[in-house]
>>> print(open('input-v7.cif').read())   # mmCIF, C-alpha atoms
data_structure
#
loop_
_atom_site.label_atom_id
_atom_site.label_comp_id
_atom_site.auth_asym_id
_atom_site.auth_seq_id
_atom_site.Cartn_x
_atom_site.Cartn_y
_atom_site.Cartn_z
CA MET A 1 -8.90 27.44 -69.84
CA VAL A 2 -6.54 26.41 -72.63
CA GLN A 3 -8.18 23.93 -74.96
CA ARG A 4 -6.18 20.94 -76.16
CA GLY A 5 -6.47 18.32 -78.78
CA PRO A 6 -6.60 14.59 -77.99
CA SER A 7 -3.92 13.60 -75.50
CA GLN A 8 -1.26 11.04 -76.23
CA PRO A 9 -0.44 8.33 -73.68
CA GLU A 10 2.11 9.42 -71.10
CA GLU A 11 5.06 7.34 -69.99
CA VAL A 12 4.79 5.69 -66.59
CA ILE A 13 6.86 7.72 -64.14
CA ASP A 14 8.15 6.84 -60.72
CA SER A 15 7.05 8.54 -57.57
CA SER A 16 9.88 9.35 -55.20
CA CYS A 17 10.27 12.80 -53.67
CA GLU A 18 13.50 13.44 -55.55
CA GLN A 19 12.12 15.73 -58.24
CA ASP A 20 15.09 15.23 -60.58
CA LYS A 21 14.43 11.49 -60.64
CA PHE A 22 11.26 11.65 -62.69
CA LYS A 23 9.85 13.58 -65.59
CA ARG A 24 7.31 16.13 -64.39
CA LEU A 25 4.09 16.01 -66.34
CA PRO A 26 3.38 19.62 -67.37
CA LEU A 27 0.05 21.06 -66.30
CA SER A 28 -1.84 23.43 -68.56
CA GLU A 29 -0.79 27.04 -69.03
CA THR A 30 -3.14 28.12 -66.25
CA SER A 31 -0.61 26.66 -63.80
CA THR A 32 1.93 29.42 -64.47
CA LYS A 33 -0.18 32.29 -65.80
CA LYS A 34 -2.41 34.59 -63.80
CA PRO A 35 -6.03 33.57 -64.42
CA GLU A 36 -8.37 36.05 -66.04
CA THR A 37 -10.15 36.60 -62.74
CA PHE A 38 -9.29 35.64 -59.19
CA HIS A 39 -12.71 34.14 -58.57
CA ALA A 40 -14.25 30.69 -58.35
CA GLU A 41 -17.24 29.11 -56.69
CA THR A 42 -14.87 26.80 -54.82
CA ILE A 43 -11.21 27.22 -53.90
CA ILE A 44 -9.21 24.15 -52.84
CA VAL A 45 -6.06 24.81 -50.80
CA GLY A 46 -3.59 21.97 -51.27
CA GLY A 47 -2.31 20.17 -54.37
CA GLY A 48 -1.73 16.70 -52.97
CA VAL A 49 -3.77 13.65 -53.92
CA ILE A 50 -6.72 14.67 -51.71
CA GLY A 51 -6.97 18.20 -53.11
CA CYS A 52 -6.56 17.02 -56.70
CA ALA A 53 -9.15 14.25 -56.24
CA ILE A 54 -11.62 16.83 -54.91
CA ALA A 55 -10.89 19.13 -57.87
CA PHE A 56 -11.46 16.21 -60.25
CA GLU A 57 -14.78 15.28 -58.65
CA LEU A 58 -16.11 18.85 -58.53
CA ALA A 59 -15.00 19.62 -62.09
CA SER A 60 -16.65 16.43 -63.34
CA ARG A 61 -19.93 17.80 -61.95
CA GLY A 62 -19.54 21.10 -63.76
CA GLN A 63 -18.48 23.09 -60.69
CA GLU A 64 -16.19 26.13 -61.01
CA VAL A 65 -12.96 25.19 -59.23
CA LEU A 66 -9.65 26.88 -58.46
CA LEU A 67 -6.94 24.81 -56.76
CA VAL A 68 -3.95 26.58 -55.20
CA GLU A 69 -0.75 24.82 -54.10
CA GLN A 70 2.14 26.49 -52.27
CA SER A 71 4.79 24.44 -54.07
CA GLU A 72 4.11 21.96 -56.89
CA ILE A 73 1.37 19.42 -57.49
CA ALA A 74 2.22 16.16 -55.65
CA SER A 75 5.27 17.64 -53.92
CA GLY A 76 4.30 16.78 -50.32
CA ALA A 77 3.18 13.54 -48.67
CA SER A 78 1.62 12.34 -51.94
CA CYS A 79 5.01 12.03 -53.63
CA ALA A 80 6.41 9.99 -50.76
CA ALA A 81 3.65 7.40 -50.39
CA ALA A 82 3.93 3.76 -51.41
CA GLY A 83 0.59 3.90 -53.23
CA MET A 84 -0.99 0.75 -51.79
CA LEU A 85 -4.78 0.43 -51.95
CA ALA A 86 -4.83 -2.01 -49.05
CA ALA A 87 -8.54 -2.07 -48.22
CA ASP A 88 -8.48 -5.73 -47.16
CA SER A 89 -4.96 -5.89 -45.73
CA GLU A 90 -4.96 -2.70 -43.65
CA ASP A 91 -6.37 -3.27 -40.18
CA PHE A 92 -8.93 -0.51 -39.55
CA ALA A 93 -10.18 -0.11 -36.00
CA HIS A 94 -13.17 1.99 -37.08
CA PRO A 95 -15.84 0.33 -39.29
CA LEU A 96 -16.41 3.52 -41.29
CA MET A 97 -12.73 3.58 -42.25
CA ALA A 98 -12.96 -0.03 -43.44
CA GLN A 99 -16.05 0.67 -45.55
CA ALA A 100 -14.56 3.87 -46.93
CA ALA A 101 -11.45 1.94 -47.97
CA TYR A 102 -13.47 -0.65 -49.90
CA ASP A 103 -15.59 1.99 -51.60
CA SER A 104 -12.66 4.21 -52.47
CA ARG A 105 -10.61 1.37 -53.94
CA GLU A 106 -13.42 0.49 -56.33
CA LEU A 107 -14.13 4.12 -57.16
CA LEU A 108 -10.48 4.72 -57.97
CA HIS A 109 -10.54 1.90 -60.53
CA LYS A 110 -13.56 3.56 -62.15
CA HIS A 111 -11.71 6.88 -62.17
CA LYS A 112 -8.86 5.16 -63.99
CA GLU A 113 -11.11 4.58 -66.98
CA GLN A 114 -12.41 8.15 -66.99
CA ILE A 115 -8.92 9.62 -66.60
CA SER A 116 -7.53 7.41 -69.36
CA ALA A 117 -10.29 8.51 -71.72
CA LEU A 118 -9.65 12.18 -70.90
CA THR A 119 -5.87 12.27 -70.86
CA GLY A 120 -4.38 8.97 -71.99
CA MET A 121 -2.31 8.95 -68.80
CA ASP A 122 -1.16 5.74 -67.14
CA LEU A 123 -1.63 5.86 -63.37
CA GLY A 124 0.48 2.78 -62.76
CA LEU A 125 -2.68 1.30 -61.23
CA ARG A 126 -2.44 -2.49 -61.01
CA ARG A 127 -4.63 -5.11 -59.33
CA ASN A 128 -2.30 -8.06 -58.81
CA GLY A 129 -3.32 -8.88 -55.24
CA PHE A 130 -1.43 -8.78 -51.93
CA ILE A 131 0.18 -11.63 -49.99
CA THR A 132 0.39 -11.59 -46.18
CA PRO A 133 2.84 -14.38 -45.24
CA PHE A 134 3.52 -16.09 -41.91
CA ARG A 135 6.54 -17.87 -40.49
CA SER A 136 4.58 -20.30 -38.32
CA TYR A 137 1.15 -21.35 -37.07
CA GLY A 138 1.84 -19.36 -33.91
CA ASP A 139 2.41 -16.16 -35.90
CA LEU A 140 -0.81 -16.78 -37.80
CA SER A 141 -2.78 -17.22 -34.56
CA LYS A 142 -1.38 -14.01 -33.08
CA TYR A 143 -2.24 -12.16 -36.27
CA LYS A 144 -5.85 -13.35 -36.14
CA ASP A 145 -6.17 -12.37 -32.49
CA ARG A 146 -4.94 -8.84 -33.17
CA ARG A 147 -7.14 -8.09 -36.17
CA ASN A 148 -9.88 -5.49 -35.71
CA THR A 149 -11.54 -5.99 -39.07
CA THR A 150 -12.33 -9.44 -40.42
CA SER A 151 -15.86 -9.20 -41.84
CA GLY A 152 -15.98 -8.34 -45.52
CA VAL A 153 -12.30 -9.09 -46.10
CA GLN A 154 -11.82 -10.87 -49.44
CA GLN A 155 -9.04 -13.40 -48.93
CA LEU A 156 -7.90 -16.96 -49.60
CA TRP A 157 -5.66 -19.08 -47.42
CA TRP A 158 -2.59 -20.48 -49.18
CA ASP A 159 -0.85 -23.37 -47.44
CA ARG A 160 2.87 -24.00 -47.82
CA SER A 161 2.56 -25.94 -51.06
CA THR A 162 0.27 -23.31 -52.60
CA VAL A 163 2.68 -20.53 -51.64
CA GLN A 164 5.57 -22.40 -53.24
CA ARG A 165 3.52 -22.91 -56.40
CA GLU A 166 2.05 -19.41 -56.71
CA ALA A 167 5.00 -17.30 -55.47
CA LEU A 168 8.30 -18.90 -56.47
CA TRP A 169 10.17 -15.79 -55.30
CA LEU A 170 8.88 -16.01 -51.71
CA ASN A 171 10.85 -17.60 -48.86
CA ARG A 172 10.52 -21.39 -49.24
CA ASP A 173 10.12 -21.76 -45.46
CA THR A 174 6.93 -19.70 -45.41
CA TYR A 175 4.30 -21.53 -43.33
CA GLY A 176 1.37 -20.10 -45.29
CA ALA A 177 -0.17 -16.84 -46.42
CA TYR A 178 -3.38 -14.95 -47.01
CA TYR A 179 -3.88 -13.92 -50.60
CA ARG A 180 -6.17 -10.93 -51.22
CA SER A 181 -6.84 -10.75 -54.92
CA LEU A 182 -8.68 -7.41 -55.00
CA GLU A 183 -5.85 -5.39 -53.48
CA SER A 184 -4.23 -2.85 -55.78
CA GLU A 185 -1.38 -0.37 -55.94
CA VAL A 186 -0.68 2.79 -57.90
CA LEU A 187 2.13 5.25 -58.63
CA PRO A 188 1.16 8.12 -56.31
CA VAL A 189 2.63 11.01 -58.29
CA SER A 190 1.08 9.66 -61.49
CA LEU A 191 -2.32 9.43 -59.79
CA THR A 192 -2.12 12.91 -58.28
CA ARG A 193 -1.02 14.56 -61.51
CA ALA A 194 -3.63 12.63 -63.47
CA TYR A 195 -6.35 13.93 -61.16
CA ALA A 196 -4.99 17.47 -61.63
CA ARG A 197 -4.71 17.18 -65.42
CA SER A 198 -8.19 15.68 -65.73
CA ALA A 199 -9.68 18.39 -63.55
CA GLU A 200 -8.09 21.04 -65.77
CA MET A 201 -9.43 19.43 -68.91
CA MET A 202 -12.90 19.63 -67.39
CA GLY A 203 -12.51 23.34 -66.63
CA ALA A 204 -10.73 23.60 -63.27
CA ARG A 205 -7.88 26.08 -62.84
CA ILE A 206 -4.68 25.22 -60.98
CA LEU A 207 -2.12 27.64 -59.56
CA GLU A 208 1.21 26.35 -58.22
CA GLY A 209 3.64 28.40 -56.12
CA VAL A 210 0.90 30.24 -54.23
CA GLN A 211 2.44 31.37 -50.94
CA ASP A 212 1.14 33.06 -47.80
CA VAL A 213 -2.46 31.87 -47.95
CA GLN A 214 -4.76 33.70 -45.52
CA LEU A 215 -8.43 32.75 -45.18
CA ILE A 216 -10.93 35.60 -45.52
CA VAL A 217 -14.13 35.06 -43.54
CA ASP A 218 -16.74 37.30 -41.94
CA LYS A 219 -20.03 36.90 -40.11
CA HIS A 220 -21.61 35.64 -43.34
CA GLY A 221 -18.98 32.94 -43.81
CA VAL A 222 -16.27 32.34 -46.39
CA GLN A 223 -15.35 35.25 -48.67
CA GLY A 224 -12.10 34.03 -50.22
CA ILE A 225 -8.36 33.87 -49.62
CA LYS A 226 -5.54 36.40 -49.62
CA THR A 227 -2.21 35.23 -51.06
CA ALA A 228 1.12 36.56 -52.29
CA LYS A 229 -0.44 36.48 -55.78
CA GLY A 230 -3.44 38.55 -54.73
CA GLU A 231 -6.94 38.03 -53.35
CA MET A 232 -9.21 35.30 -54.66
CA CYS A 233 -12.94 35.34 -54.01
CA CYS A 234 -15.14 32.29 -53.56
CA LYS A 235 -18.17 30.82 -51.80
CA HIS A 236 -16.49 27.63 -50.60
CA ILE A 237 -12.97 26.93 -49.29
CA ILE A 238 -11.74 23.37 -48.92
CA ILE A 239 -8.62 22.90 -46.80
CA ALA A 240 -6.77 19.86 -48.17
CA ALA A 241 -3.28 20.97 -47.19
CA GLY A 242 -2.12 18.04 -45.05
CA LEU A 243 0.01 19.16 -42.12
CA HIS A 244 -0.48 22.81 -43.13
CA GLY A 245 -4.23 22.40 -42.67
CA GLU A 246 -4.02 22.91 -38.92
CA GLN A 247 -2.26 26.26 -39.35
CA LEU A 248 -4.83 27.47 -41.87
CA MET A 249 -7.71 26.53 -39.59
CA HIS A 250 -6.07 28.35 -36.68
CA GLN A 251 -6.38 31.58 -38.66
CA VAL A 252 -10.15 31.49 -38.20
CA GLY A 253 -10.19 30.13 -34.66
CA ILE A 254 -10.78 26.46 -35.48
CA VAL A 255 -8.62 23.85 -33.73
CA LEU A 256 -8.14 20.69 -35.81
CA PRO A 257 -4.83 19.26 -34.58
CA SER A 258 -2.58 16.98 -36.60
CA SER A 259 0.82 15.49 -35.87
CA PRO A 260 3.68 14.59 -38.21
CA VAL A 261 4.72 10.97 -38.65
CA LYS A 262 7.81 10.45 -40.77
CA GLY A 263 8.09 7.39 -43.00
CA GLU A 264 11.12 6.15 -44.96
CA ILE A 265 10.93 4.04 -48.13
CA MET A 266 13.49 2.62 -50.53
CA ALA A 267 13.42 1.35 -54.11
CA VAL A 268 15.38 -1.52 -55.68
CA ARG A 269 15.44 -3.00 -59.15
CA PHE A 270 15.79 -6.68 -59.98
CA THR A 271 18.07 -7.81 -62.81
CA THR A 272 16.53 -9.94 -65.53
CA ASP A 273 18.68 -12.98 -64.73
CA GLN A 274 18.33 -12.77 -60.96
CA ALA A 275 17.69 -16.05 -59.14
CA GLY A 276 14.15 -16.40 -57.79
CA GLY A 277 12.75 -13.67 -59.98
CA ARG A 278 11.08 -10.34 -59.30
CA PRO A 279 7.95 -10.35 -57.11
CA ASP A 280 4.78 -10.02 -59.15
CA ARG A 281 2.49 -9.35 -56.15
CA THR A 282 2.77 -7.06 -53.16
CA VAL A 283 3.98 -8.64 -49.91
CA TYR A 284 2.09 -7.03 -47.02
CA ALA A 285 3.77 -8.53 -43.96
CA GLU A 286 3.43 -7.28 -40.40
CA ASP A 287 6.92 -5.80 -40.32
CA VAL A 288 7.46 -4.69 -43.92
CA TYR A 289 5.78 -4.23 -47.28
CA ILE A 290 7.32 -5.01 -50.67
CA VAL A 291 5.56 -3.44 -53.65
CA PRO A 292 6.42 -4.23 -57.30
CA LYS A 293 5.62 -1.07 -59.27
CA ALA A 294 4.55 -0.47 -62.85
CA ASN A 295 7.80 1.44 -63.50
CA GLY A 296 9.86 -1.74 -62.97
CA GLU A 297 11.04 -0.92 -59.45
CA VAL A 298 10.24 -2.70 -56.19
CA TRP A 299 9.48 -0.40 -53.25
CA ILE A 300 10.20 -1.43 -49.67
CA GLY A 301 8.76 0.33 -46.63
CA ALA A 302 8.20 1.81 -44.32
CA THR A 303 9.41 3.19 -41.03
CA SER A 304 7.07 5.10 -38.71
CA LEU A 305 8.63 7.91 -36.68
CA PRO A 306 6.06 10.04 -34.80
CA GLY A 307 6.93 13.68 -34.28
CA ARG A 308 9.62 13.76 -36.97
CA LYS A 309 9.32 16.39 -39.73
CA ASP A 310 12.72 16.04 -41.43
CA HIS A 311 13.18 14.31 -44.78
CA SER A 312 16.50 12.60 -44.05
CA VAL A 313 16.89 8.84 -44.50
CA SER A 314 19.00 6.90 -41.99
CA ALA A 315 21.29 3.99 -42.82
CA ASN A 316 19.89 2.15 -39.80
CA SER A 317 16.35 2.38 -41.17
CA MET A 318 17.44 1.09 -44.58
CA GLN A 319 19.31 -1.78 -42.98
CA ARG A 320 16.21 -2.75 -41.03
CA LEU A 321 13.96 -2.58 -44.09
CA ILE A 322 16.35 -4.63 -46.21
CA GLY A 323 16.67 -7.24 -43.47
CA ALA A 324 12.91 -7.62 -43.07
CA ALA A 325 12.22 -7.59 -46.80
CA SER A 326 14.97 -10.04 -47.75
CA TYR A 327 13.64 -12.58 -45.26
CA TRP A 328 10.42 -12.80 -47.28
CA VAL A 329 11.95 -12.19 -50.71
CA PRO A 330 15.56 -13.46 -50.60
CA GLY A 331 16.28 -12.06 -54.05
CA ILE A 332 16.20 -8.54 -52.64
CA LYS A 333 19.74 -9.10 -51.30
CA GLU A 334 21.02 -9.19 -54.89
CA ALA A 335 18.76 -6.44 -56.28
CA ASP A 336 20.23 -3.11 -57.36
CA PHE A 337 19.65 -0.24 -54.96
CA VAL A 338 17.91 2.69 -56.73
CA ARG A 339 17.15 5.34 -54.09
CA ALA A 340 15.53 6.05 -50.73
CA TRP A 341 13.26 8.86 -49.59
CA ALA A 342 11.13 10.06 -46.68
CA GLY A 343 7.71 11.65 -46.37
CA ILE A 344 5.72 13.26 -43.56
CA ARG A 345 2.20 11.94 -42.98
CA PRO A 346 -0.44 13.89 -41.03
CA SER A 347 -2.10 11.96 -38.21
CA THR A 348 -4.98 13.04 -35.95
CA PRO A 349 -5.55 12.37 -32.23
CA ASP A 350 -8.17 9.68 -32.87
CA GLY A 351 -6.72 8.29 -36.10
CA LEU A 352 -9.61 9.46 -38.30
CA PRO A 353 -9.35 12.10 -41.04
CA TYR A 354 -11.13 15.45 -40.89
CA ILE A 355 -13.68 15.39 -43.70
CA GLY A 356 -16.64 17.74 -43.80
CA LYS A 357 -18.09 21.16 -43.05
CA CYS A 358 -16.67 23.33 -40.30
CA GLU A 359 -19.42 24.46 -37.95
CA GLY A 360 -19.72 28.20 -37.39
CA ILE A 361 -18.16 29.28 -40.70
CA SER A 362 -20.44 28.82 -43.67
CA GLY A 363 -18.64 27.52 -46.76
CA LEU A 364 -15.52 26.18 -45.00
CA TYR A 365 -14.60 22.49 -45.31
CA ALA A 366 -11.76 20.30 -44.05
CA ALA A 367 -10.23 17.36 -45.91
CA TYR A 368 -6.96 16.37 -44.27
CA GLY A 369 -5.45 14.09 -41.62
CA HIS A 370 -5.62 10.86 -43.68
CA PHE A 371 -2.28 9.66 -42.22
CA ARG A 372 -1.13 6.56 -44.14
CA ASN A 373 -4.33 6.18 -46.17
CA GLY A 374 -4.40 9.34 -48.25
CA ILE A 375 -3.89 7.59 -51.58
CA LEU A 376 -6.42 4.87 -50.72
CA LEU A 377 -9.11 7.30 -49.51
CA SER A 378 -8.56 10.00 -52.13
CA ALA A 379 -11.37 8.98 -54.47
CA ILE A 380 -14.08 8.66 -51.82
CA THR A 381 -12.95 11.86 -50.07
CA GLY A 382 -13.37 13.72 -53.34
CA ARG A 383 -16.88 12.34 -53.77
CA TRP A 384 -17.94 13.16 -50.21
CA ILE A 385 -16.64 16.72 -50.30
CA ALA A 386 -18.31 17.33 -53.67
CA ASP A 387 -21.58 15.96 -52.27
CA MET A 388 -21.39 18.36 -49.33
CA VAL A 389 -20.55 21.35 -51.53
CA GLU A 390 -23.70 20.48 -53.47
CA GLY A 391 -25.73 20.57 -50.26
CA LYS A 392 -25.71 17.11 -48.70
CA SER A 393 -25.06 16.78 -44.97
CA ALA A 394 -22.59 14.47 -43.26
CA GLU A 395 -25.61 12.66 -41.77
CA GLU A 396 -27.09 12.02 -45.22
CA ILE A 397 -23.77 10.70 -46.51
CA GLY A 398 -23.15 8.70 -43.33
CA ILE A 399 -19.77 10.14 -42.35
CA GLU A 400 -20.54 11.94 -39.07
CA ALA A 401 -17.57 10.10 -37.50
CA PHE A 402 -15.22 12.14 -39.73
CA SER A 403 -16.74 15.50 -38.75
CA PRO A 404 -14.08 18.19 -38.19
CA GLU A 405 -15.86 19.12 -34.95
CA ARG A 406 -15.95 15.63 -33.43
CA LEU A 407 -13.01 16.02 -31.03
CA ASN A 408 -14.58 19.06 -29.38
CA ARG A 409 -17.83 17.16 -28.94
CA LYS A 410 -15.95 14.26 -27.31
CA GLY A 411 -13.99 16.60 -25.05
CA VAL A 412 -10.65 15.58 -26.54
CA MET A 413 -9.71 19.23 -27.04
CA SER A 414 -10.26 22.09 -24.64
#
>>> encode(input="input-v7.cif", output="structure tokens")
Amino acid sequence: MVQRGPSQPEEVIDSSCEQDKFKRLPLSETSTKKPETFHAETIIVGGGVIGCAIAFELASRGQEVLLVEQSEIASGASCAAAGMLAADSEDFAHPLMAQAAYDSRELLHKHKEQISALTGMDLGLRRNGFITPFRSYGDLSKYKDRRNTTSGVQQLWWDRSTVQREALWLNRDTYGAYYRSLESEVLPVSLTRAYARSAEMMGARILEGVQDVQLIVDKHGVQGIKTAKGEMCCKHIIIAAGLHGEQLMHQVGIVLPSSPVKGEIMAVRFTTDQAGGRPDRTVYAEDVYIVPKANGEVWIGATSLPGRKDHSVSANSMQRLIGAASYWVPGIKEADFVRAWAGIRPSTPDGLPYIGKCEGISGLYAAYGHFRNGILLSAITGRWIADMVEGKSAEEIGIEAFSPERLNRKGVMS
């Protein structure tokens, strides 16, 4: 591990998938140099926000950690996300998902303080609240009828006059809106790289560009991984590789299916003299979200295209997003277009992530399939996996519903 002096604050970067559009934050020298030994108590496969959050949590507990990533840290779904921590606004069908969202949102704010003290990095984490607006009383009634989760949601009702007073930039014809003051948003690449940097500063090692990962297991359980860079020995392997997780699990006869869902997002920038002003809170409508970011941009998303794995962005999708967004925030029509990008999110057959031990192979864990909630659930996923590595069971933690083996038990898979 390369020791460093006190870190200086980093500039806030943006988080699109176009690598030349933002300054990469350099990781420590262990990212490009061969480590002294290819050995660690725990190896994490996957350098997205989930893998980096797990590395952060384990390293903070004094565990020996090696994280390997086939490309670059935050180069997959994590660099394409909008970064909303929508615990109250997202409609979770499963109560455990709702509780996990609340817990993870609060834990992430605590991590912000720890990360700032360690690295001086700005995550772009802001708690300005979300607004869910409605065109009419009828739309509000339909929304209430469709909601799965209502208990525990922290929200205020704003009538038309309150909306016009509190959000001058919102459509003046808005009937009313829910305001959820605890909702937050973050720059996803900044968060992921901050987790990685903090983990390194606490002793973790990170290797980027590690190709051809093969799991090594025997009758005693996990033994390590074989890669293009050589073999690496360990006692625990955590698969946090998103859509690649399914392929890695197949190597050892475990079926944990996931499906790609493409999402397209765009960024605009408001001019200082623009009529109506720049939004200062996230708009979380049923057909679009509009997220003012710490880097000065406003992000608009997102499409949902199941089965698509390409990263192209269609003009039709952008037209639809602009149309929906400019209804709620008319000033978007005059904003400057910055860029657009697409990401591929991993979904599971029942909509729940795979988090926990894999039965039959001692030392193997899954942590993928978070779909559109990877950023939101990163902090709590890191805590749960670290707890299990230290010996706690899914039953003790209360997350049996996320067990990697659950679909077999339910007969969903043959």
>>> residues_around(input="input-v7.cif", residues="Phe130 in chain A", least_positions_apart="5", cutoff="9 Å", atoms="all atoms listed in the file", output="list of chain:residue names")
A:Ala86, A:Ser89, A:Tyr178, A:Tyr179, A:Arg180, A:Ser181, A:Leu182, A:Glu183, A:Ser184, A:Arg281, A:Thr282, A:Val283, A:Tyr284, A:Val291
>>> resolve_selection(input="input-v7.cif", expression="the PyMOL selection byres ((chain A and resi 267) around 12)", output="PDB file with C-alpha atoms, in the frame of the given file")
ATOM      1  CA  ASP A  14       8.150   6.840 -60.720  1.00  0.00           C
ATOM      2  CA  SER A  15       7.050   8.540 -57.570  1.00  0.00           C
ATOM      3  CA  SER A  16       9.880   9.350 -55.200  1.00  0.00           C
ATOM      4  CA  CYS A  17      10.270  12.800 -53.670  1.00  0.00           C
ATOM      5  CA  ALA A  80       6.410   9.990 -50.760  1.00  0.00           C
ATOM      6  CA  ALA A  82       3.930   3.760 -51.410  1.00  0.00           C
ATOM      7  CA  GLU A 264      11.120   6.150 -44.960  1.00  0.00           C
ATOM      8  CA  ILE A 265      10.930   4.040 -48.130  1.00  0.00           C
ATOM      9  CA  MET A 266      13.490   2.620 -50.530  1.00  0.00           C
ATOM     10  CA  VAL A 268      15.380  -1.520 -55.680  1.00  0.00           C
ATOM     11  CA  ARG A 269      15.440  -3.000 -59.150  1.00  0.00           C
ATOM     12  CA  PHE A 270      15.790  -6.680 -59.980  1.00  0.00           C
ATOM     13  CA  TYR A 289       5.780  -4.230 -47.280  1.00  0.00           C
ATOM     14  CA  ILE A 290       7.320  -5.010 -50.670  1.00  0.00           C
ATOM     15  CA  VAL A 291       5.560  -3.440 -53.650  1.00  0.00           C
ATOM     16  CA  PRO A 292       6.420  -4.230 -57.300  1.00  0.00           C
ATOM     17  CA  LYS A 293       5.620  -1.070 -59.270  1.00  0.00           C
ATOM     18  CA  ASN A 295       7.800   1.440 -63.500  1.00  0.00           C
ATOM     19  CA  GLY A 296       9.860  -1.740 -62.970  1.00  0.00           C
ATOM     20  CA  GLU A 297      11.040  -0.920 -59.450  1.00  0.00           C
ATOM     21  CA  VAL A 298      10.240  -2.700 -56.190  1.00  0.00           C
ATOM     22  CA  TRP A 299       9.480  -0.400 -53.250  1.00  0.00           C
ATOM     23  CA  ILE A 300      10.200  -1.430 -49.670  1.00  0.00           C
ATOM     24  CA  GLY A 301       8.760   0.330 -46.630  1.00  0.00           C
ATOM     25  CA  ALA A 302       8.200   1.810 -44.320  1.00  0.00           C
ATOM     26  CA  MET A 318      17.440   1.090 -44.580  1.00  0.00           C
ATOM     27  CA  LEU A 321      13.960  -2.580 -44.090  1.00  0.00           C
ATOM     28  CA  ILE A 322      16.350  -4.630 -46.210  1.00  0.00           C
ATOM     29  CA  ALA A 325      12.220  -7.590 -46.800  1.00  0.00           C
ATOM     30  CA  ILE A 332      16.200  -8.540 -52.640  1.00  0.00           C
ATOM     31  CA  ALA A 335      18.760  -6.440 -56.280  1.00  0.00           C
ATOM     32  CA  ASP A 336      20.230  -3.110 -57.360  1.00  0.00           C
ATOM     33  CA  PHE A 337      19.650  -0.240 -54.960  1.00  0.00           C
ATOM     34  CA  VAL A 338      17.910   2.690 -56.730  1.00  0.00           C
ATOM     35  CA  ARG A 339      17.150   5.340 -54.090  1.00  0.00           C
ATOM     36  CA  ALA A 340      15.530   6.050 -50.730  1.00  0.00           C
ATOM     37  CA  TRP A 341      13.260   8.860 -49.590  1.00  0.00           C
ATOM     38  CA  ALA A 342      11.130  10.060 -46.680  1.00  0.00           C
TER      39      ALA A 342
END
>>> closest_residue(input="input-v7.cif", among="A:Leu85, A:Trp158, A:Arg127, A:Glu69", to="Glu208 in chain A", atoms="all atoms listed in the file")
A:Glu69
>>> resolve_selection(input="input-v7.cif", expression="the PyMOL selection byres ((chain A and resi 175) around 8)", output="PyMOL selection string")
chain A and resi 133-137+159-160+173-174+176-177
>>> resolve_selection(input="input-v7.cif", expression="the PyMOL selection byres ((chain A and resi 169) around 7)", output="VMD selection string")
chain A and resid 167 to 168 170 to 171 276 to 279 329
>>> atom_distance(input="input-v7.cif", atom1="CA of Gln155 in chain A", atom2="CA of Ala81 in chain A")
24.4 Å
>>> residues_near_point(input="input-v7.cif", point="(-13.2, 22.2, -36.9)", cutoff="8 Å", atoms="all atoms listed in the file", output="PyMOL selection string")
chain A and resi 249+254-256+357-359+366+403-406
>>> atom_distance(input="input-v7.cif", atom1="CA of Ala204 in chain A", atom2="CA of Ala59 in chain A")
6.0 Å
